[in-house]
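Participant: Next comes structure.cif, mmCIF, C-alpha atoms:
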```
data_entry
#
loop_
_atom_site.group_PDB
_atom_site.id
_atom_site.type_symbol
_atom_site.label_atom_id
_atom_site.label_comp_id
_atom_site.auth_asym_id
_atom_site.auth_seq_id
_atom_site.Cartn_x
_atom_site.Cartn_y
_atom_site.Cartn_z
ATOM 1 C CA MET A 1 -103.666 -82.641 102.523
ATOM 2 C CA PRO A 2 -101.061 -81.600 105.122
ATOM 3 C CA SER A 3 -97.861 -83.460 105.949
ATOM 4 C CA SER A 4 -98.043 -86.458 108.268
ATOM 5 C CA TYR A 5 -95.369 -88.159 110.365
ATOM 6 C CA THR A 6 -94.079 -91.732 110.665
ATOM 7 C CA ALA A 7 -95.128 -93.508 113.864
ATOM 8 C CA SER A 8 -91.802 -94.624 115.347
ATOM 9 C CA LEU A 9 -89.205 -91.996 114.391
ATOM 10 C CA ARG A 10 -91.560 -89.145 113.442
ATOM 11 C CA PHE A 11 -90.082 -88.352 110.013
ATOM 12 C CA GLU A 12 -92.148 -85.875 108.008
ATOM 13 C CA LEU A 13 -94.061 -87.406 105.098
ATOM 14 C CA GLN A 14 -94.949 -84.866 102.430
ATOM 15 C CA ALA A 15 -98.417 -84.817 100.927
ATOM 16 C CA ALA A 16 -98.634 -84.725 97.116
ATOM 17 C CA GLY A 17 -97.941 -81.216 95.827
ATOM 18 C CA GLU A 18 -97.161 -79.827 99.281
ATOM 19 C CA ASN A 19 -94.205 -77.509 99.976
ATOM 20 C CA LEU A 20 -93.557 -76.875 96.306
ATOM 21 C CA ASN A 21 -89.962 -75.643 95.774
ATOM 22 C CA THR A 22 -89.165 -75.947 99.509
ATOM 23 C CA TRP A 23 -88.960 -79.734 99.882
ATOM 24 C CA GLY A 24 -85.198 -79.812 99.147
ATOM 25 C CA ALA A 25 -84.178 -77.111 101.592
ATOM 26 C CA PRO A 26 -85.075 -76.887 104.391
ATOM 27 C CA LYS A 27 -87.541 -79.837 104.440
ATOM 28 C CA LEU A 28 -85.344 -82.641 103.042
ATOM 29 C CA ASN A 29 -82.330 -81.483 105.032
ATOM 30 C CA SER A 30 -84.377 -81.705 108.246
ATOM 31 C CA VAL A 31 -85.401 -85.288 107.458
ATOM 32 C CA ILE A 32 -81.808 -86.285 106.620
ATOM 33 C CA SER A 33 -80.570 -84.760 109.896
ATOM 34 C CA ARG A 34 -83.204 -86.715 111.822
ATOM 35 C CA ILE A 35 -82.275 -89.965 110.035
ATOM 36 C CA ASP A 36 -78.635 -89.327 110.957
ATOM 37 C CA LYS A 37 -79.615 -88.885 114.626
ATOM 38 C CA ALA A 38 -81.790 -92.033 114.580
ATOM 39 C CA ILE A 39 -78.958 -94.156 113.185
ATOM 40 C CA ALA A 40 -75.866 -92.700 114.872
ATOM 41 C CA GLY A 41 -76.885 -89.860 117.187
ATOM 42 C CA LEU A 42 -75.764 -89.606 120.820
ATOM 43 C CA THR A 43 -77.817 -87.739 123.382
ATOM 44 C CA THR A 44 -76.442 -87.272 126.913
ATOM 45 C CA ILE A 45 -78.998 -86.654 129.658
ATOM 46 C CA ALA A 46 -78.059 -85.642 133.210
ATOM 47 C CA LEU A 47 -80.598 -87.351 135.463
ATOM 48 C CA THR A 48 -81.610 -85.770 138.775
ATOM 49 C CA ALA A 49 -84.969 -87.573 139.089
ATOM 50 C CA ASN A 50 -87.150 -89.994 137.150
ATOM 51 C CA TYR A 51 -87.317 -88.791 133.565
ATOM 52 C CA ALA A 52 -89.394 -89.094 130.377
ATOM 53 C CA LEU A 53 -87.603 -88.687 127.046
ATOM 54 C CA THR A 54 -88.908 -85.850 124.919
ATOM 55 C CA SER A 55 -90.739 -87.101 121.839
ATOM 56 C CA SER A 56 -92.151 -84.780 119.214
ATOM 57 C CA ASN A 57 -92.413 -84.366 115.466
ATOM 58 C CA GLY A 58 -89.487 -81.941 115.657
ATOM 59 C CA ASP A 59 -86.102 -82.600 117.228
ATOM 60 C CA ASP A 60 -86.235 -84.708 120.377
ATOM 61 C CA GLU A 61 -84.266 -87.071 122.652
ATOM 62 C CA ALA A 62 -86.190 -90.277 121.883
ATOM 63 C CA ARG A 63 -85.029 -90.326 118.262
ATOM 64 C CA SER A 64 -81.327 -90.820 119.174
ATOM 65 C CA ALA A 65 -79.699 -94.208 118.609
ATOM 66 C CA LEU A 66 -77.470 -93.921 121.704
ATOM 67 C CA LEU A 67 -78.561 -92.502 125.046
ATOM 68 C CA LYS A 68 -76.000 -91.762 127.768
ATOM 69 C CA PHE A 69 -77.354 -91.122 131.250
ATOM 70 C CA THR A 70 -75.289 -89.377 133.915
ATOM 71 C CA GLY A 71 -76.038 -88.538 137.556
ATOM 72 C CA ALA A 72 -76.659 -90.458 140.754
ATOM 73 C CA GLY A 73 -79.788 -92.581 140.857
ATOM 74 C CA PRO A 74 -81.389 -95.037 140.885
ATOM 75 C CA TRP A 75 -83.752 -93.507 138.328
ATOM 76 C CA THR A 76 -86.483 -94.633 135.952
ATOM 77 C CA VAL A 77 -86.480 -93.353 132.365
ATOM 78 C CA THR A 78 -89.682 -93.565 130.330
ATOM 79 C CA ILE A 79 -89.329 -94.027 126.572
ATOM 80 C CA PRO A 80 -92.103 -93.592 123.986
ATOM 81 C CA SER A 81 -94.495 -96.518 123.449
ATOM 82 C CA VAL A 82 -93.326 -97.209 119.866
ATOM 83 C CA SER A 83 -91.133 -99.912 118.342
ATOM 84 C CA LYS A 84 -87.484 -98.852 118.499
ATOM 85 C CA SER A 85 -84.092 -100.075 119.690
ATOM 86 C CA TYR A 86 -81.532 -98.073 121.658
ATOM 87 C CA LEU A 87 -77.984 -98.412 122.879
ATOM 88 C CA ILE A 88 -78.051 -97.304 126.512
ATOM 89 C CA TRP A 89 -74.916 -96.169 128.365
ATOM 90 C CA ASN A 90 -75.624 -95.894 132.065
ATOM 91 C CA ALA A 91 -72.899 -93.573 133.352
ATOM 92 C CA CYS A 92 -74.913 -93.011 136.556
ATOM 93 C CA THR A 93 -73.678 -94.256 139.934
ATOM 94 C CA ALA A 94 -76.750 -96.500 140.339
ATOM 95 C CA ALA A 95 -79.116 -98.516 138.153
ATOM 96 C CA VAL A 96 -81.377 -96.916 135.556
ATOM 97 C CA THR A 97 -84.654 -98.671 134.729
ATOM 98 C CA ILE A 98 -86.066 -98.218 131.223
ATOM 99 C CA THR A 99 -89.861 -98.437 130.800
ATOM 100 C CA THR A 100 -92.716 -97.346 128.557
ATOM 101 C CA GLY A 101 -94.907 -97.002 131.640
ATOM 102 C CA ALA A 102 -96.518 -100.377 130.853
ATOM 103 C CA GLY A 103 -95.249 -103.881 130.161
ATOM 104 C CA THR A 104 -91.810 -105.223 131.018
ATOM 105 C CA THR A 105 -88.865 -103.042 132.027
ATOM 106 C CA VAL A 106 -85.082 -103.322 131.877
ATOM 107 C CA ALA A 107 -82.804 -102.356 134.781
ATOM 108 C CA ILE A 108 -79.339 -101.327 133.578
ATOM 109 C CA ASP A 109 -76.534 -101.534 136.132
ATOM 110 C CA ALA A 110 -74.258 -98.566 136.787
ATOM 111 C CA GLY A 111 -71.510 -98.371 134.170
ATOM 112 C CA ALA A 112 -73.214 -100.846 131.810
ATOM 113 C CA LYS A 113 -73.699 -100.358 128.073
ATOM 114 C CA VAL A 114 -76.724 -102.339 126.887
ATOM 115 C CA LYS A 115 -78.718 -102.779 123.667
ATOM 116 C CA ILE A 116 -82.450 -102.603 124.420
ATOM 117 C CA PHE A 117 -85.550 -102.810 122.269
ATOM 118 C CA CYS A 118 -89.183 -101.800 122.655
ATOM 119 C CA ASP A 119 -92.130 -103.460 120.924
ATOM 120 C CA GLY A 120 -94.417 -100.534 121.718
ATOM 121 C CA THR A 121 -95.232 -101.772 125.236
ATOM 122 C CA ASN A 122 -92.481 -104.023 126.576
ATOM 123 C CA VAL A 123 -88.800 -103.183 126.949
ATOM 124 C CA GLY A 124 -86.234 -105.987 126.678
ATOM 125 C CA THR A 125 -82.573 -106.771 126.053
ATOM 126 C CA LEU A 126 -80.846 -109.185 123.741
ATOM 127 C CA GLY A 127 -80.646 -112.620 125.294
ATOM 128 C CA TYR A 128 -80.532 -116.366 124.995
ATOM 129 C CA GLY A 129 -82.962 -119.133 125.904
ATOM 130 C CA GLY A 130 -85.678 -116.736 127.065
ATOM 131 C CA TYR A 131 -83.327 -114.906 129.450
ATOM 132 C CA ASP A 132 -81.631 -111.561 129.074
ATOM 133 C CA LEU A 133 -77.897 -112.069 128.548
ATOM 134 C CA LYS A 134 -76.819 -111.187 132.108
ATOM 135 C CA THR A 135 -79.389 -113.516 133.708
ATOM 136 C CA TYR A 136 -78.439 -116.336 131.344
ATOM 137 C CA ILE A 137 -74.730 -116.001 132.123
ATOM 138 C CA ASP A 138 -75.405 -115.768 135.866
ATOM 139 C CA SER A 139 -77.593 -118.885 135.851
ATOM 140 C CA ALA A 140 -75.787 -121.065 133.311
ATOM 141 C CA VAL A 141 -72.138 -120.203 133.670
ATOM 142 C CA LEU A 142 -71.696 -119.093 137.249
ATOM 143 C CA ALA A 143 -74.059 -121.534 138.974
ATOM 144 C CA ALA A 144 -71.232 -123.765 140.260
ATOM 145 C CA THR A 145 -69.168 -121.148 142.107
ATOM 146 C CA GLY A 146 -71.077 -117.895 141.978
ATOM 147 C CA SER A 147 -68.118 -115.945 140.551
ATOM 148 C CA LEU A 148 -65.322 -116.216 138.050
ATOM 149 C CA PRO A 149 -61.635 -116.384 139.028
ATOM 150 C CA ALA A 150 -59.654 -113.151 139.167
ATOM 151 C CA VAL A 151 -58.105 -111.921 135.925
ATOM 152 C CA THR A 152 -54.831 -110.868 137.588
ATOM 153 C CA GLY A 153 -52.276 -113.662 137.495
ATOM 154 C CA ASN A 154 -54.198 -115.756 134.967
ATOM 155 C CA ALA A 155 -52.799 -114.436 131.666
ATOM 156 C CA GLY A 156 -52.668 -117.078 128.927
ATOM 157 C CA LYS A 157 -55.001 -119.455 130.747
ATOM 158 C CA TYR A 158 -58.483 -120.613 129.833
ATOM 159 C CA LEU A 159 -61.513 -121.198 132.031
ATOM 160 C CA TYR A 160 -61.986 -124.875 132.893
ATOM 161 C CA CYS A 161 -64.824 -126.560 134.785
ATOM 162 C CA ASP A 162 -64.312 -129.956 136.395
ATOM 163 C CA GLY A 163 -68.022 -130.288 137.135
ATOM 164 C CA VAL A 164 -67.711 -128.683 140.548
ATOM 165 C CA VAL A 165 -65.815 -125.397 140.218
ATOM 166 C CA TRP A 166 -64.532 -123.053 137.539
ATOM 167 C CA ALA A 167 -60.776 -122.545 137.552
ATOM 168 C CA PRO A 168 -58.117 -120.951 135.350
ATOM 169 C CA ARG A 169 -55.957 -123.568 133.650
ATOM 170 C CA THR A 170 -52.892 -123.463 131.408
ATOM 171 C CA PRO A 171 -53.527 -125.318 128.136
ATOM 172 C CA VAL A 172 -51.611 -128.580 127.635
ATOM 173 C CA ALA A 173 -51.265 -130.789 124.549
ATOM 174 C CA ALA A 174 -53.974 -133.183 125.788
ATOM 175 C CA ASP A 175 -56.505 -130.336 125.864
ATOM 176 C CA ILE A 176 -55.865 -129.557 122.217
ATOM 177 C CA SER A 177 -55.973 -133.199 121.052
ATOM 178 C CA ASP A 178 -59.136 -133.768 123.099
ATOM 179 C CA PHE A 179 -60.688 -130.680 121.510
ATOM 180 C CA ASN A 180 -59.779 -131.859 118.003
ATOM 181 C CA ALA A 181 -61.233 -135.346 118.703
ATOM 182 C CA LYS A 182 -64.513 -133.807 119.892
ATOM 183 C CA VAL A 183 -64.702 -131.519 116.853
ATOM 184 C CA ASP A 184 -64.024 -134.498 114.536
ATOM 185 C CA ALA A 185 -66.684 -136.580 116.317
ATOM 186 C CA ARG A 186 -69.252 -133.780 115.992
ATOM 187 C CA ALA A 187 -68.454 -133.381 112.299
ATOM 188 C CA ILE A 188 -68.923 -137.119 111.689
ATOM 189 C CA ALA A 189 -72.201 -137.176 113.659
ATOM 190 C CA PHE A 190 -73.437 -134.159 111.714
ATOM 191 C CA ALA A 191 -72.535 -135.761 108.360
ATOM 192 C CA ILE A 192 -74.338 -139.022 109.318
ATOM 193 C CA ALA A 193 -77.436 -137.119 110.444
ATOM 194 C CA PHE A 194 -77.741 -135.357 107.106
#
```
Before anything else, please render the file you have as structure tokens.

Facilitator:
Amino acid sequence: MPSSYTASLRFELQAAGENLNTWGAPKLNSVISRIDKAIAGLTTIALTANYALTSSNGDDEARSALLKFTGAGPWTVTIPSVSKSYLIWNACTAAVTITTGAGTTVAIDAGAKVKIFCDGTNVGTLGYGGYDLKTYIDSAVLAATGSLPAVTGNAGKYLYCDGVVWAPRTPVAADISDFNAKVDARAIAFAIAF
């Protein structure tokens, strides 16, 4: 029986008795190199058009843990329809959309570094409450003003919301005592509940 390959990362599985006296070198070394690339490998791809990652039983782009895209854009990159996660670094000047060609997609803004995953059809990002992280932050945190205050000139301050707007604020003793009272109250409520 000939060798077969794993579905997601295409590692070579040896059949019983196959490649006698050659499994260590070069066979095992090839598998170890591919595992290394799947866990910590970086592949940089210069995009000039929409692109499909190479995916084969040998060495390929889709096996890498980290993909860095360069170029202009916007472009669409098609990944294999298998379960896998990637770290994507979009060093392009416009958005890059990641797809399997079916299901949901993820658009990654220029300059962003994003963890994505694929379930074999759909592509998604880490998130909260059913939203990807960027959408959640935009909707939950920035809904009052639409933007955060500038960083310049606000060193040592924290972000405070008075129910209408977000504003930088210098901590005062009352903030700390109020925080401690709320933490104590939550701890008491938690202890009573259980």

Participant: Using all atoms listed in the file, which residue out of A:Tyr51, A:Phe117, A:Phe11, A:Tyr86 lies closest to Leu67 of chain A?

Facilitator: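 Under the stated criterion, the closest residue is A:Tyr86.
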
Participant: Could you state which residues are captured by the PyMOL selection byres ((chain A and resi 46) around 10) in this file, as a list of chain:residue names?

Facilitator: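 With the shown file as input, the PyMOL selection byres ((chain A and resi 46) around 10) matches A:Thr44, A:Ile45, A:Leu47, A:Thr48, A:Ala49, A:Tyr51, A:Lys68, A:Phe69, A:Thr70, A:Gly71, A:Ala72, A:Ala91, A:Cys92.
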
Participant: Quick one: pull the distance between atom CA of Ser33 of chain A and atom CA of Arg10 of chain A, Å, one decimal.

Facilitator: 12.4 Å

Participant: Which is closer to Asp59 of chain A than all the others in A:Pro168, A:Gly17, A:Gly41, A:Pro2, using only C-alpha atoms?

Facilitator: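 Among A:Pro168, A:Gly17, A:Gly41, A:Pro2, it is A:Gly41 that comes nearest to Asp59 of chain A.
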
Participant: Within 8 Å of (-82.5, -98.7, 125.3) (file coordinates; all atoms listed in the file), which protein or nucleic acid residues are there? I'd like them as an MDAnalysis selection string.

Facilitator: chainID A and resid 66:67 85:88 98 114:118 123

Participant: What does the distance between atom CA of Lys157 of chain A and atom CA of Thr170 of chain A come to in Å, to one decimal place?

Facilitator: 4.6 Å

Participant: Counting only C-alpha atoms, figure out which residue out of A:Asn21, A:Gln14, A:Asn57, A:Thr76 gets nearest to Arg34 of chain A.

Facilitator: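 Ranking A:Asn21, A:Gln14, A:Asn57, A:Thr76 by distance to Arg34 of chain A, first place goes to A:Asn57.
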
Participant: Kindly list the centre and edge lengths in Å, rounded to one decimal, for the axis-aligned box that covers all listed atoms of segment 153-159 of chain A plus 5 Å on each of its six sides, as JSON.

Facilitator:
```
{"center_x": -56.9, "center_y": -117.4, "center_z": 133.2, "size_x": 19.2, "size_y": 17.5, "size_z": 18.6}
```

Participant: Which residues match the PyMOL selection byres ((chain A and resi 120) around 8) in the file above, as a list of chain:residue names?

Facilitator: A:Pro80, A:Ser81, A:Val82, A:Ser83, A:Lys84, A:Thr100, A:Cys118, A:Asp119, A:Thr121, A:Asn122

Participant: Give me a file of those residues, with C-alpha atoms, as a compact mmCIF listing (two decimals), in the coordinates of the input.

Facilitator:
```txt
# COMPACT_ATOMS: atom_id res chain seq x y z
CA PRO A 80 -92.10 -93.59 123.99
CA SER A 81 -94.50 -96.52 123.45
CA VAL A 82 -93.33 -97.21 119.87
CA SER A 83 -91.13 -99.91 118.34
CA LYS A 84 -87.48 -98.85 118.50
CA THR A 100 -92.72 -97.35 128.56
CA CYS A 118 -89.18 -101.80 122.66
CA ASP A 119 -92.13 -103.46 120.92
CA THR A 121 -95.23 -101.77 125.24
CA ASN A 122 -92.48 -104.02 126.58
```

Participant: In Å to one decimal, how far is atom CA of Ser30 of chain A from atom CA of Ala15 of chain A?

Facilitator: 16.1 Å

Participant: Using only C-alpha atoms, can you tell me which of A:Val31, A:Arg63, A:Asp36, A:Pro26 comes closest to Ser8 of chain A?

Facilitator: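 So, comparing all the options, the nearest one is A:Arg63.
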
Participant: Once the PyMOL selection byres ((chain A and resi 106) around 6) is applied to the coordinates I shared, what remains selected? I want it as a VMD selection string.

Facilitator: chain A and resid 97 to 98 105 107 124

Participant: For Ala95 of chain A, which residue out of A:Gly127, A:Asn50, A:Glu61, A:Ala38 is the nearest one, using all atoms listed in the file?

Facilitator: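 For Ala95 of chain A, the nearest of the candidates is A:Asn50.
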
Participant: So, with all atoms listed in the file as the atoms that count, which of A:Ala110, A:Leu20, A:Val172, A:Asn90 lies closest to Tyr158 of chain A?

Facilitator: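 Between A:Ala110, A:Leu20, A:Val172, A:Asn90, the residue approaching Tyr158 of chain A most closely is A:Val172.
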